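*Asks:* Coordinates in work-v1.pdb, PDB, C-alpha atoms and all ligand atoms, are listed below.
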ATOM      1  CA  MET H  30     -12.380  77.995 -98.980
ATOM      2  CA  ILE H  31     -14.233  81.126 -99.924
ATOM      3  CA  GLY H  32     -17.760  81.557-101.231
ATOM      4  CA  GLY H  33     -21.020  83.379-101.740
ATOM      5  CA  HIS H  34     -24.398  82.510-103.234
ATOM      6  CA  LEU H  35     -25.465  82.969-106.845
ATOM      7  CA  ASP H  36     -29.251  82.737-106.484
ATOM      8  CA  SER H  37     -31.446  85.741-105.714
ATOM      9  CA  TRP H  38     -34.995  86.920-105.221
ATOM     10  CA  GLN H  39     -36.895  87.662-108.411
ATOM     11  CA  ALA H  40     -37.972  91.277-107.743
ATOM     12  CA  GLY H  41     -34.559  92.683-108.688
ATOM     13  CA  THR H  42     -31.469  91.157-110.243
ATOM     14  CA  GLY H  43     -29.872  90.314-106.897
ATOM     15  CA  ALA H  44     -27.002  92.769-107.270
ATOM     16  CA  THR H  45     -26.378  93.155-103.535
ATOM     17  CA  ASP H  46     -27.803  89.730-102.542
ATOM     18  CA  ASN H  47     -25.626  88.192-103.599
ATOM     19  CA  ALA H  48     -24.000  89.030-106.932
ATOM     20  CA  SER H  49     -21.759  91.367-104.916
ATOM     21  CA  GLY H  50     -20.444  88.572-102.707
ATOM     22  CA  SER H  51     -20.026  86.201-105.653
ATOM     23  CA  ALA H  52     -18.204  88.854-107.704
ATOM     24  CA  VAL H  53     -15.918  89.717-104.790
ATOM     25  CA  MET H  54     -14.977  86.057-104.326
ATOM     26  CA  MET H  55     -14.315  85.618-108.057
ATOM     27  CA  GLU H  56     -12.122  88.741-107.890
ATOM     28  CA  VAL H  57     -10.238  87.194-104.957
ATOM     29  CA  MET H  58      -9.430  84.179-107.122
ATOM     30  CA  ARG H  59      -8.388  86.491-109.993
ATOM     31  CA  ILE H  60      -6.048  88.438-107.674
ATOM     32  CA  LEU H  61      -4.433  85.245-106.381
ATOM     33  CA  LYS H  62      -4.002  83.878-109.918
ATOM     34  CA  ALA H  63      -2.576  87.200-111.158
ATOM     35  CA  LEU H  64       0.024  87.159-108.374
ATOM     36  CA  ASN H  65       1.108  83.739-109.638
ATOM     37  CA  ILE H  66       1.845  82.471-106.147
ATOM     38  CA  SER H  67       1.655  78.902-104.987
ATOM     39  CA  THR H  68       0.212  78.350-101.535
ATOM     40  CA  LYS H  69       0.770  75.510 -99.063
ATOM     41  CA  ARG H  70      -2.928  74.693 -99.076
ATOM     42  CA  THR H  71      -5.428  74.569-101.933
ATOM     43  CA  ILE H  72      -7.773  77.553-102.160
ATOM     44  CA  ARG H  73     -11.239  76.576-103.363
ATOM     45  CA  ILE H  74     -14.255  78.748-104.233
ATOM     46  CA  GLY H  75     -17.908  77.712-103.837
ATOM     47  CA  LEU H  76     -20.681  79.739-105.489
ATOM     48  CA  TRP H  77     -23.807  78.228-103.978
ATOM     49  CA  SER H  78     -27.279  77.664-105.336
ATOM     50  CA  ALA H  79     -30.539  77.795-103.360
ATOM     51  CA  GLU H  80     -29.193  79.828-100.448
ATOM     52  CA  GLU H  81     -32.479  81.720-100.483
ATOM     53  CA  GLN H  82     -34.457  78.482-100.065
ATOM     54  CA  GLY H  83     -32.469  77.431 -96.976
ATOM     55  CA  LEU H  84     -28.748  77.154 -97.798
ATOM     56  CA  TRP H  85     -29.406  74.000 -99.820
ATOM     57  CA  GLY H  86     -26.342  74.316-102.068
ATOM     58  CA  SER H  87     -23.777  74.749 -99.321
ATOM     59  CA  ARG H  88     -25.547  72.275 -97.028
ATOM     60  CA  GLY H  89     -25.496  69.653 -99.769
ATOM     61  CA  TYR H  90     -21.802  70.268-100.430
ATOM     62  CA  VAL H  91     -20.906  70.101 -96.733
ATOM     63  CA  LYS H  92     -22.949  66.927 -96.262
ATOM     64  CA  LYS H  93     -21.312  65.190 -99.248
ATOM     65  CA  THR H  94     -17.787  66.458 -98.518
ATOM     66  CA  PHE H  95     -17.323  66.872 -94.757
ATOM     67  CA  ALA H  96     -20.133  65.524 -92.563
ATOM     68  CA  ASP H  97     -23.892  65.164 -92.268
ATOM     69  CA  PRO H  98     -25.080  67.183 -89.239
ATOM     70  CA  ALA H  99     -27.721  64.512 -88.648
ATOM     71  CA  ASP H 100     -25.158  61.850 -87.670
ATOM     72  CA  MET H 101     -21.850  63.809 -87.452
ATOM     73  CA  LYS H 102     -19.899  60.891 -88.956
ATOM     74  CA  LEU H 103     -16.833  62.733 -90.237
ATOM     75  CA  LEU H 104     -15.685  62.149 -93.810
ATOM     76  CA  PRO H 105     -11.904  62.224 -94.582
ATOM     77  CA  GLU H 106     -12.030  65.808 -95.914
ATOM     78  CA  HIS H 107     -13.320  67.080 -92.564
ATOM     79  CA  GLU H 108      -9.856  67.150 -91.021
ATOM     80  CA  LYS H 109      -8.319  68.871 -94.062
ATOM     81  CA  LEU H 110     -10.316  72.114 -94.232
ATOM     82  CA  SER H 111      -8.771  75.052 -92.430
ATOM     83  CA  ALA H 112     -11.541  77.641 -92.865
ATOM     84  CA  TYR H 113     -14.418  78.879 -94.999
ATOM     85  CA  TYR H 114     -15.008  82.627 -95.557
ATOM     86  CA  ASN H 115     -18.337  83.962 -96.842
ATOM     87  CA  ILE H 116     -19.593  87.318 -98.151
ATOM     88  CA  ASP H 117     -23.364  87.918 -98.160
ATOM     89  CA  ASN H 118     -24.309  91.242 -96.593
ATOM     90  CA  GLY H 119     -24.583  93.648 -99.501
ATOM     91  CA  THR H 120     -22.205  96.080-101.124
ATOM     92  CA  GLY H 121     -20.695  97.704 -98.020
ATOM     93  CA  LYS H 122     -17.005  97.481 -97.280
ATOM     94  CA  ILE H 123     -15.535  95.150 -94.668
ATOM     95  CA  ARG H 124     -15.335  96.581 -91.135
ATOM     96  CA  GLY H 125     -14.061  93.421 -89.451
ATOM     97  CA  ILE H 126     -15.029  89.804 -88.891
ATOM     98  CA  TYR H 127     -17.400  87.755 -86.721
ATOM     99  CA  LEU H 128     -15.592  85.051 -84.714
ATOM    100  CA  GLN H 129     -18.750  82.923 -84.683
ATOM    101  CA  GLY H 130     -17.979  82.052 -81.083
ATOM    102  CA  ASN H 131     -14.433  80.867 -81.919
ATOM    103  CA  GLU H 132     -12.364  82.887 -79.413
ATOM    104  CA  ALA H 133      -9.153  81.044 -80.343
ATOM    105  CA  CYS H 134      -9.138  82.822 -83.713
ATOM    106  CA  ARG H 135      -9.274  86.332 -82.213
ATOM    107  CA  ASP H 136      -5.528  87.108 -82.105
ATOM    108  CA  ILE H 137      -4.964  85.526 -85.523
ATOM    109  CA  PHE H 138      -7.648  87.672 -87.171
ATOM    110  CA  LYS H 139      -6.556  90.801 -85.246
ATOM    111  CA  ALA H 140      -3.067  90.388 -86.700
ATOM    112  CA  TRP H 141      -4.385  89.757 -90.222
ATOM    113  CA  LEU H 142      -6.572  92.896 -90.053
ATOM    114  CA  THR H 143      -3.758  95.166 -88.812
ATOM    115  CA  PRO H 144      -2.597  96.283 -92.302
ATOM    116  CA  PHE H 145      -6.191  97.188 -93.218
ATOM    117  CA  LYS H 146      -6.893  99.700 -90.426
ATOM    118  CA  ASP H 147      -6.586 102.578 -92.910
ATOM    119  CA  LEU H 148      -9.209 100.877 -95.100
ATOM    120  CA  GLY H 149     -11.668 100.939 -92.188
ATOM    121  CA  ALA H 150     -11.438  97.277 -91.147
ATOM    122  CA  GLY H 151     -10.282  96.315 -87.655
ATOM    123  CA  THR H 152     -13.136  94.906 -85.566
ATOM    124  CA  VAL H 153     -13.037  91.304 -84.361
ATOM    125  CA  THR H 154     -16.193  90.345 -82.480
ATOM    126  CA  ILE H 155     -17.047  87.108 -80.666
ATOM    127  CA  ASN H 156     -20.617  87.485 -82.009
ATOM    128  CA  ASN H 157     -22.344  85.081 -84.366
ATOM    129  CA  THR H 158     -23.960  86.160 -87.562
ATOM    130  CA  GLY H 159     -26.495  83.961 -89.309
ATOM    131  CA  GLY H 160     -28.670  83.571 -92.353
ATOM    132  CA  THR H 161     -26.131  82.446 -94.917
ATOM    133  CA  ASP H 162     -23.768  79.756 -96.137
ATOM    134  CA  HIS H 163     -20.961  79.880 -93.537
ATOM    135  CA  GLN H 164     -23.530  78.286 -91.198
ATOM    136  CA  SER H 165     -23.430  75.060 -93.214
ATOM    137  CA  PHE H 166     -19.741  74.704 -92.309
ATOM    138  CA  ASP H 167     -20.131  75.939 -88.731
ATOM    139  CA  GLY H 168     -22.941  73.410 -88.290
ATOM    140  CA  VAL H 169     -20.526  70.470 -88.638
ATOM    141  CA  GLY H 170     -17.758  71.996 -86.523
ATOM    142  CA  LEU H 171     -15.712  73.562 -89.332
ATOM    143  CA  PRO H 172     -14.467  77.146 -88.963
ATOM    144  CA  GLY H 173     -16.936  79.168 -91.072
ATOM    145  CA  PHE H 174     -16.863  82.954 -90.976
ATOM    146  CA  GLN H 175     -18.606  86.032 -92.326
ATOM    147  CA  PHE H 176     -17.171  89.526 -92.400
ATOM    148  CA  ILE H 177     -18.766  92.549 -90.729
ATOM    149  CA  GLN H 178     -19.826  94.902 -93.535
ATOM    150  CA  ASP H 179     -20.847  98.536 -93.710
ATOM    151  CA  PRO H 180     -24.664  98.210 -93.894
ATOM    152  CA  ILE H 181     -25.132 101.044 -96.455
ATOM    153  CA  GLU H 182     -28.841 100.564 -97.386
ATOM    154  CA  TYR H 183     -28.908  96.757 -97.393
ATOM    155  CA  ASP H 184     -31.617  96.182 -94.788
ATOM    156  CA  THR H 185     -33.507  99.376 -95.524
ATOM    157  CA  ARG H 186     -33.596  99.295 -99.336
ATOM    158  CA  THR H 187     -32.003  96.583-101.421
ATOM    159  CA  HIS H 188     -32.308  93.283 -99.507
ATOM    160  CA  HIS H 189     -34.983  91.118-101.207
ATOM    161  CA  SER H 190     -36.527  94.134-102.934
ATOM    162  CA  ASN H 191     -37.043  95.448-106.468
ATOM    163  CA  MET H 192     -34.230  97.912-105.711
ATOM    164  CA  ASP H 193     -31.637  95.142-105.576
ATOM    165  CA  VAL H 194     -30.080  96.224-108.870
ATOM    166  CA  TYR H 195     -26.680  97.236-110.249
ATOM    167  CA  ASP H 196     -27.026 100.980-109.432
ATOM    168  CA  HIS H 197     -26.801 100.202-105.715
ATOM    169  CA  LEU H 198     -23.350  98.607-105.891
ATOM    170  CA  ILE H 199     -20.342 100.615-104.685
ATOM    171  CA  GLU H 200     -17.350  99.639-106.774
ATOM    172  CA  ASP H 201     -14.675 100.885-104.370
ATOM    173  CA  ASP H 202     -16.219  98.956-101.472
ATOM    174  CA  LEU H 203     -16.281  95.770-103.536
ATOM    175  CA  LYS H 204     -12.578  96.265-104.320
ATOM    176  CA  GLN H 205     -11.825  96.803-100.617
ATOM    177  CA  MET H 206     -13.631  93.541 -99.792
ATOM    178  CA  ALA H 207     -11.763  91.544-102.433
ATOM    179  CA  THR H 208      -8.434  92.902-101.180
ATOM    180  CA  ILE H 209      -9.079  91.923 -97.570
ATOM    181  CA  VAL H 210     -10.563  88.503 -98.361
ATOM    182  CA  ALA H 211      -7.620  87.730-100.664
ATOM    183  CA  SER H 212      -5.245  88.523 -97.815
ATOM    184  CA  PHE H 213      -7.236  86.434 -95.297
ATOM    185  CA  VAL H 214      -7.437  83.368 -97.508
ATOM    186  CA  TYR H 215      -3.768  83.710 -98.468
ATOM    187  CA  HIS H 216      -2.733  83.793 -94.792
ATOM    188  CA  THR H 217      -5.017  80.841 -94.085
ATOM    189  CA  ALA H 218      -3.488  78.843 -96.928
ATOM    190  CA  GLN H 219       0.087  79.664 -95.878
ATOM    191  CA  ARG H 220      -0.380  78.983 -92.173
ATOM    192  CA  ASP H 221       1.385  75.807 -90.966
ATOM    193  CA  ALA H 222      -1.491  74.814 -88.701
ATOM    194  CA  LYS H 223      -5.157  74.881 -89.572
ATOM    195  CA  LEU H 224      -7.239  77.536 -87.846
ATOM    196  CA  PRO H 225      -8.343  76.502 -84.339
ATOM    197  CA  ARG H 226     -11.764  74.862 -84.164
ATOM    198  CA  LYS H 227     -14.637  74.969 -81.722
ATOM    199  CA  PRO H 228     -15.667  71.654 -80.078
ATOM    200  CA  LEU H 229     -17.556  69.380 -82.481
ATOM    201  CA  PRO H 230     -21.328  69.793 -82.239
ATOM    202  CA  ALA H 231     -23.475  66.789 -81.317
ATOM    203  CA  ALA H 232     -25.432  65.008 -84.051
ATOM    204  CA  ARG H 233     -28.859  66.530 -84.658
ATOM    205  CA  PRO H 234     -30.950  63.665 -86.060
ATOM    206  CA  ALA H 235     -34.125  65.749 -86.077
ATOM    207  CA  VAL H 236     -32.593  68.340 -88.391
ATOM    208  CA  ARG H 237     -33.208  67.286 -91.965
ATOM    209  CA  ARG H 238     -30.448  68.861 -94.048
TER     210      ARG H 238
HETATM  211 ZN    ZN B 301     -31.194  86.874 -99.624
END
Please, can you express the file's structure as structure tokens?
Ligand SMILES: [Zn+2]

*Replies:*
Amino acid sequence: MIGGHLDSWQAGTGATDNASGSAVMMEVMRILKALNISTKRTIRIGLWSAEEQGLWGSRGYVKKTFADPADMKLLPEHEKLSAYYNIDNGTGKIRGIYLQGNEACRDIFKAWLTPFKDLGAGTVTINNTGGTDHQSFDGVGLPGFQFIQDPIEYDTRTHHSNMDVYDHLIEDDLKQMATIVASFVYHTAQRDAKLPRKPLPAARPAVRR
């Protein structure tokens, strides 16, 4: 699965948060369709609502489809998902990927990034990144990832501000992102085994999601 969120703050039009991520993911689907390839696994896109209110769209989908973090009773789809990839950090190109603590994916992602070194992407870090929809998947033990992006002026200018408008998008960076995500999700869908998972988290009954 791939995804981003469609909602935005009202001061601007939400170009970098997160029309950019949504547009990149739609372009990924267009690329895969244009190539007319059939993959071993289904590739699904989710464009979430209410991310800005607390990831409600993706949390609702995960709860209905895979598991409720409050009881961690796994639904049948839980064992079928290989990975979820998210874009939600502005217009800057991909520099690498956060492992979200999943060390077993390091060598897999390193290999998948190798052809993109000349596009500036190569870093694989064990670090977590938070604040967006991959956390809904990670929260029920499914591999959910975000890419490391060039920050450009995301935190200093456009994020949740009246400057979050079309002029601040960098077309070539968006194309670079779509290219790399298309390759990642293609490899994921063609891989015989699912991506390795972290241990399942315990149920969190106090967390109302
Ligand atoms: Zn936001």

*Asks:* Point out the residue among H:Gly89, H:Gly170, H:Gly160, H:Pro105 with the least atom-to-atom distance to ligand ZN 301 (chain B), counting all atoms listed in the file.

*Replies:*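 Smallest separation from ligand ZN 301 (chain B) among the options: H:Gly160.
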
*Asks:* List the residues selected by the PyMOL selection byres (((not hetatm)) within 8 of (chain B and resi 301)) in the file shown, writing them as an NGL selection string.

*Replies:* :H and (37-38 or 46-47 or 80-81 or 188-189)

*Asks:* Run through the PyMOL selection byres (((chain H and resi 174) around 8) and not hetatm) on the given coordinates and return the selected residues as a list in words.

*Replies:*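 Output from the PyMOL selection byres (((chain H and resi 174) around 8) and not hetatm), applied to this file: Ala112, Tyr113, Tyr114, Asn115, Ile126, Tyr127, Leu128, Gln129, His163, Pro172, Gly173, Gln175 and Phe176 of chain H.
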
*Asks:* To test your reading of the syntax: which residues would the PyMOL selection byres (((chain H and resi 77) around 12) and not hetatm) return for the file shown? Reply as a PDB file with C-alpha atoms, keeping the file's coordinate frame.

*Replies:*
ATOM      1  CA  ILE H  31     -14.233  81.126 -99.924  1.00  0.00           C
ATOM      2  CA  GLY H  32     -17.760  81.557-101.231  1.00  0.00           C
ATOM      3  CA  GLY H  33     -21.020  83.379-101.740  1.00  0.00           C
ATOM      4  CA  HIS H  34     -24.398  82.510-103.234  1.00  0.00           C
ATOM      5  CA  LEU H  35     -25.465  82.969-106.845  1.00  0.00           C
ATOM      6  CA  ASP H  36     -29.251  82.737-106.484  1.00  0.00           C
ATOM      7  CA  SER H  37     -31.446  85.741-105.714  1.00  0.00           C
ATOM      8  CA  ASN H  47     -25.626  88.192-103.599  1.00  0.00           C
ATOM      9  CA  ALA H  48     -24.000  89.030-106.932  1.00  0.00           C
ATOM     10  CA  GLY H  50     -20.444  88.572-102.707  1.00  0.00           C
ATOM     11  CA  SER H  51     -20.026  86.201-105.653  1.00  0.00           C
ATOM     12  CA  MET H  54     -14.977  86.057-104.326  1.00  0.00           C
ATOM     13  CA  ILE H  74     -14.255  78.748-104.233  1.00  0.00           C
ATOM     14  CA  GLY H  75     -17.908  77.712-103.837  1.00  0.00           C
ATOM     15  CA  LEU H  76     -20.681  79.739-105.489  1.00  0.00           C
ATOM     16  CA  SER H  78     -27.279  77.664-105.336  1.00  0.00           C
ATOM     17  CA  ALA H  79     -30.539  77.795-103.360  1.00  0.00           C
ATOM     18  CA  GLU H  80     -29.193  79.828-100.448  1.00  0.00           C
ATOM     19  CA  GLU H  81     -32.479  81.720-100.483  1.00  0.00           C
ATOM     20  CA  GLN H  82     -34.457  78.482-100.065  1.00  0.00           C
ATOM     21  CA  GLY H  83     -32.469  77.431 -96.976  1.00  0.00           C
ATOM     22  CA  LEU H  84     -28.748  77.154 -97.798  1.00  0.00           C
ATOM     23  CA  TRP H  85     -29.406  74.000 -99.820  1.00  0.00           C
ATOM     24  CA  GLY H  86     -26.342  74.316-102.068  1.00  0.00           C
ATOM     25  CA  SER H  87     -23.777  74.749 -99.321  1.00  0.00           C
ATOM     26  CA  ARG H  88     -25.547  72.275 -97.028  1.00  0.00           C
ATOM     27  CA  GLY H  89     -25.496  69.653 -99.769  1.00  0.00           C
ATOM     28  CA  TYR H  90     -21.802  70.268-100.430  1.00  0.00           C
ATOM     29  CA  VAL H  91     -20.906  70.101 -96.733  1.00  0.00           C
ATOM     30  CA  ASN H 115     -18.337  83.962 -96.842  1.00  0.00           C
ATOM     31  CA  ILE H 116     -19.593  87.318 -98.151  1.00  0.00           C
ATOM     32  CA  ASP H 117     -23.364  87.918 -98.160  1.00  0.00           C
ATOM     33  CA  THR H 161     -26.131  82.446 -94.917  1.00  0.00           C
ATOM     34  CA  ASP H 162     -23.768  79.756 -96.137  1.00  0.00           C
ATOM     35  CA  HIS H 163     -20.961  79.880 -93.537  1.00  0.00           C
ATOM     36  CA  SER H 165     -23.430  75.060 -93.214  1.00  0.00           C
TER      37      SER H 165
END

*Asks:* Report the closest atom pair, with its distance in Å rounded to one decimal, for each residue of stretch 168-209 of chain H that has an atom no farther than 12 Å from stretch 137-155 of chain H; count only C-alpha atoms, sort by chain and then rising residue number, and write it as JSON lines.

*Replies:*
{"residue": "H:Phe174", "atom": "CA", "partner": "H:Phe138", "partner_atom": "CA", "distance": 11.0}
{"residue": "H:Gln175", "atom": "CA", "partner": "H:Thr154", "partner_atom": "CA", "distance": 11.0}
{"residue": "H:Phe176", "atom": "CA", "partner": "H:Val153", "partner_atom": "CA", "distance": 9.2}
{"residue": "H:Ile177", "atom": "CA", "partner": "H:Thr152", "partner_atom": "CA", "distance": 8.0}
{"residue": "H:Gln178", "atom": "CA", "partner": "H:Ala150", "partner_atom": "CA", "distance": 9.0}
{"residue": "H:Asp179", "atom": "CA", "partner": "H:Gly149", "partner_atom": "CA", "distance": 9.6}
{"residue": "H:Asp201", "atom": "CA", "partner": "H:Leu148", "partner_atom": "CA", "distance": 10.8}
{"residue": "H:Asp202", "atom": "CA", "partner": "H:Leu148", "partner_atom": "CA", "distance": 9.7}
{"residue": "H:Lys204", "atom": "CA", "partner": "H:Leu148", "partner_atom": "CA", "distance": 10.8}
{"residue": "H:Gln205", "atom": "CA", "partner": "H:Leu148", "partner_atom": "CA", "distance": 7.3}
{"residue": "H:Met206", "atom": "CA", "partner": "H:Ala150", "partner_atom": "CA", "distance": 9.7}
{"residue": "H:Thr208", "atom": "CA", "partner": "H:Phe145", "partner_atom": "CA", "distance": 9.3}
{"residue": "H:Ile209", "atom": "CA", "partner": "H:Phe145", "partner_atom": "CA", "distance": 7.4}

*Asks:* With C-alpha atoms retained, could you export that selection as a PDB file, in the coordinates of the input?

*Replies:*
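Dumped everything to out.pdb:
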ATOM      1  CA  PHE H 174     -16.863  82.954 -90.976  1.00  0.00           C
ATOM      2  CA  GLN H 175     -18.606  86.032 -92.326  1.00  0.00           C
ATOM      3  CA  PHE H 176     -17.171  89.526 -92.400  1.00  0.00           C
ATOM      4  CA  ILE H 177     -18.766  92.549 -90.729  1.00  0.00           C
ATOM      5  CA  GLN H 178     -19.826  94.902 -93.535  1.00  0.00           C
ATOM      6  CA  ASP H 179     -20.847  98.536 -93.710  1.00  0.00           C
ATOM      7  CA  ASP H 201     -14.675 100.885-104.370  1.00  0.00           C
ATOM      8  CA  ASP H 202     -16.219  98.956-101.472  1.00  0.00           C
ATOM      9  CA  LYS H 204     -12.578  96.265-104.320  1.00  0.00           C
ATOM     10  CA  GLN H 205     -11.825  96.803-100.617  1.00  0.00           C
ATOM     11  CA  MET H 206     -13.631  93.541 -99.792  1.00  0.00           C
ATOM     12  CA  THR H 208      -8.434  92.902-101.180  1.00  0.00           C
ATOM     13  CA  ILE H 209      -9.079  91.923 -97.570  1.00  0.00           C
TER      14      ILE H 209
END

*Asks:* Taking the point (-9.1, 80.7, -84.7) as given in the file, collect each protein or nucleic acid residue that comes within 7 Å of it, counting only C-alpha atoms, and present the set as a PDB file with C-alpha atoms, in the coordinates of the input.

*Replies:*
ATOM      1  CA  ASN H 131     -14.433  80.867 -81.919  1.00  0.00           C
ATOM      2  CA  GLU H 132     -12.364  82.887 -79.413  1.00  0.00           C
ATOM      3  CA  ALA H 133      -9.153  81.044 -80.343  1.00  0.00           C
ATOM      4  CA  CYS H 134      -9.138  82.822 -83.713  1.00  0.00           C
ATOM      5  CA  ARG H 135      -9.274  86.332 -82.213  1.00  0.00           C
ATOM      6  CA  ILE H 137      -4.964  85.526 -85.523  1.00  0.00           C
ATOM      7  CA  LEU H 224      -7.239  77.536 -87.846  1.00  0.00           C
ATOM      8  CA  PRO H 225      -8.343  76.502 -84.339  1.00  0.00           C
ATOM      9  CA  ARG H 226     -11.764  74.862 -84.164  1.00  0.00           C
TER      10      ARG H 226
END

*Asks:* What separation in Å, quoted to one decimal, exists between atom CA of H:Thr94 and atom CA of H:Ser49?

*Replies:*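 Separation between atom CA of H:Thr94 and atom CA of H:Ser49: 26.0 Å.
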
*Asks:* Can you tell me, as JSON, the centre and edge lengths (Å, one decimal) of the axis-aligned box enclosing all of stretch 32-40 of chain H's listed atoms after padding each side by 3 Å?

*Replies:*
{"center_x": -27.9, "center_y": 86.4, "center_z": -104.8, "size_x": 26.2, "size_y": 15.7, "size_z": 13.2}

*Asks:* Quick one: stretch 193-215 of chain H with N, CA and C atoms, as a compact mmCIF listing (two decimals), in the frame of the given file?

*Replies:*
# COMPACT_ATOMS: atom_id res chain seq x y z
N ASP H 193 -32.92 95.88 -105.62
CA ASP H 193 -31.64 95.14 -105.58
C ASP H 193 -31.07 95.02 -106.99
N VAL H 194 -30.60 96.15 -107.50
CA VAL H 194 -30.08 96.22 -108.87
C VAL H 194 -28.71 96.90 -108.88
N TYR H 195 -28.07 96.84 -110.04
CA TYR H 195 -26.68 97.24 -110.25
C TYR H 195 -26.34 98.63 -109.70
N ASP H 196 -27.29 99.59 -109.85
CA ASP H 196 -27.03 100.98 -109.43
C ASP H 196 -26.65 101.10 -107.96
N HIS H 197 -27.02 100.11 -107.15
CA HIS H 197 -26.80 100.20 -105.72
C HIS H 197 -25.47 99.60 -105.29
N LEU H 198 -24.67 99.13 -106.23
CA LEU H 198 -23.35 98.61 -105.89
C LEU H 198 -22.32 99.74 -105.81
N ILE H 199 -21.41 99.62 -104.86
CA ILE H 199 -20.34 100.62 -104.68
C ILE H 199 -19.02 99.94 -105.05
N GLU H 200 -18.50 100.34 -106.21
CA GLU H 200 -17.35 99.64 -106.77
C GLU H 200 -16.14 99.65 -105.83
N ASP H 201 -15.86 100.80 -105.23
CA ASP H 201 -14.68 100.88 -104.37
C ASP H 201 -14.80 99.98 -103.14
N ASP H 202 -16.02 99.84 -102.62
CA ASP H 202 -16.22 98.96 -101.47
C ASP H 202 -16.02 97.50 -101.87
N LEU H 203 -16.48 97.15 -103.06
CA LEU H 203 -16.28 95.77 -103.54
C LEU H 203 -14.79 95.47 -103.70
N LYS H 204 -14.04 96.44 -104.18
CA LYS H 204 -12.58 96.26 -104.32
C LYS H 204 -11.92 96.10 -102.95
N GLN H 205 -12.38 96.91 -101.97
CA GLN H 205 -11.82 96.80 -100.62
C GLN H 205 -12.07 95.40 -100.07
N MET H 206 -13.30 94.89 -100.29
CA MET H 206 -13.63 93.54 -99.79
C MET H 206 -12.73 92.49 -100.42
N ALA H 207 -12.57 92.55 -101.74
CA ALA H 207 -11.76 91.54 -102.43
C ALA H 207 -10.32 91.56 -101.93
N THR H 208 -9.81 92.76 -101.66
CA THR H 208 -8.43 92.90 -101.18
C THR H 208 -8.26 92.22 -99.83
N ILE H 209 -9.20 92.47 -98.92
CA ILE H 209 -9.08 91.92 -97.57
C ILE H 209 -9.31 90.41 -97.57
N VAL H 210 -10.31 89.95 -98.33
CA VAL H 210 -10.56 88.50 -98.36
C VAL H 210 -9.38 87.77 -98.99
N ALA H 211 -8.79 88.36 -100.03
CA ALA H 211 -7.62 87.73 -100.66
C ALA H 211 -6.50 87.57 -99.64
N SER H 212 -6.29 88.59 -98.82
CA SER H 212 -5.24 88.52 -97.82
C SER H 212 -5.58 87.46 -96.76
N PHE H 213 -6.83 87.42 -96.31
CA PHE H 213 -7.24 86.43 -95.30
C PHE H 213 -7.05 85.00 -95.81
N VAL H 214 -7.50 84.75 -97.03
CA VAL H 214 -7.44 83.37 -97.51
C VAL H 214 -5.99 82.98 -97.84
N TYR H 215 -5.19 83.97 -98.24
CA TYR H 215 -3.77 83.71 -98.47
C TYR H 215 -3.08 83.32 -97.15
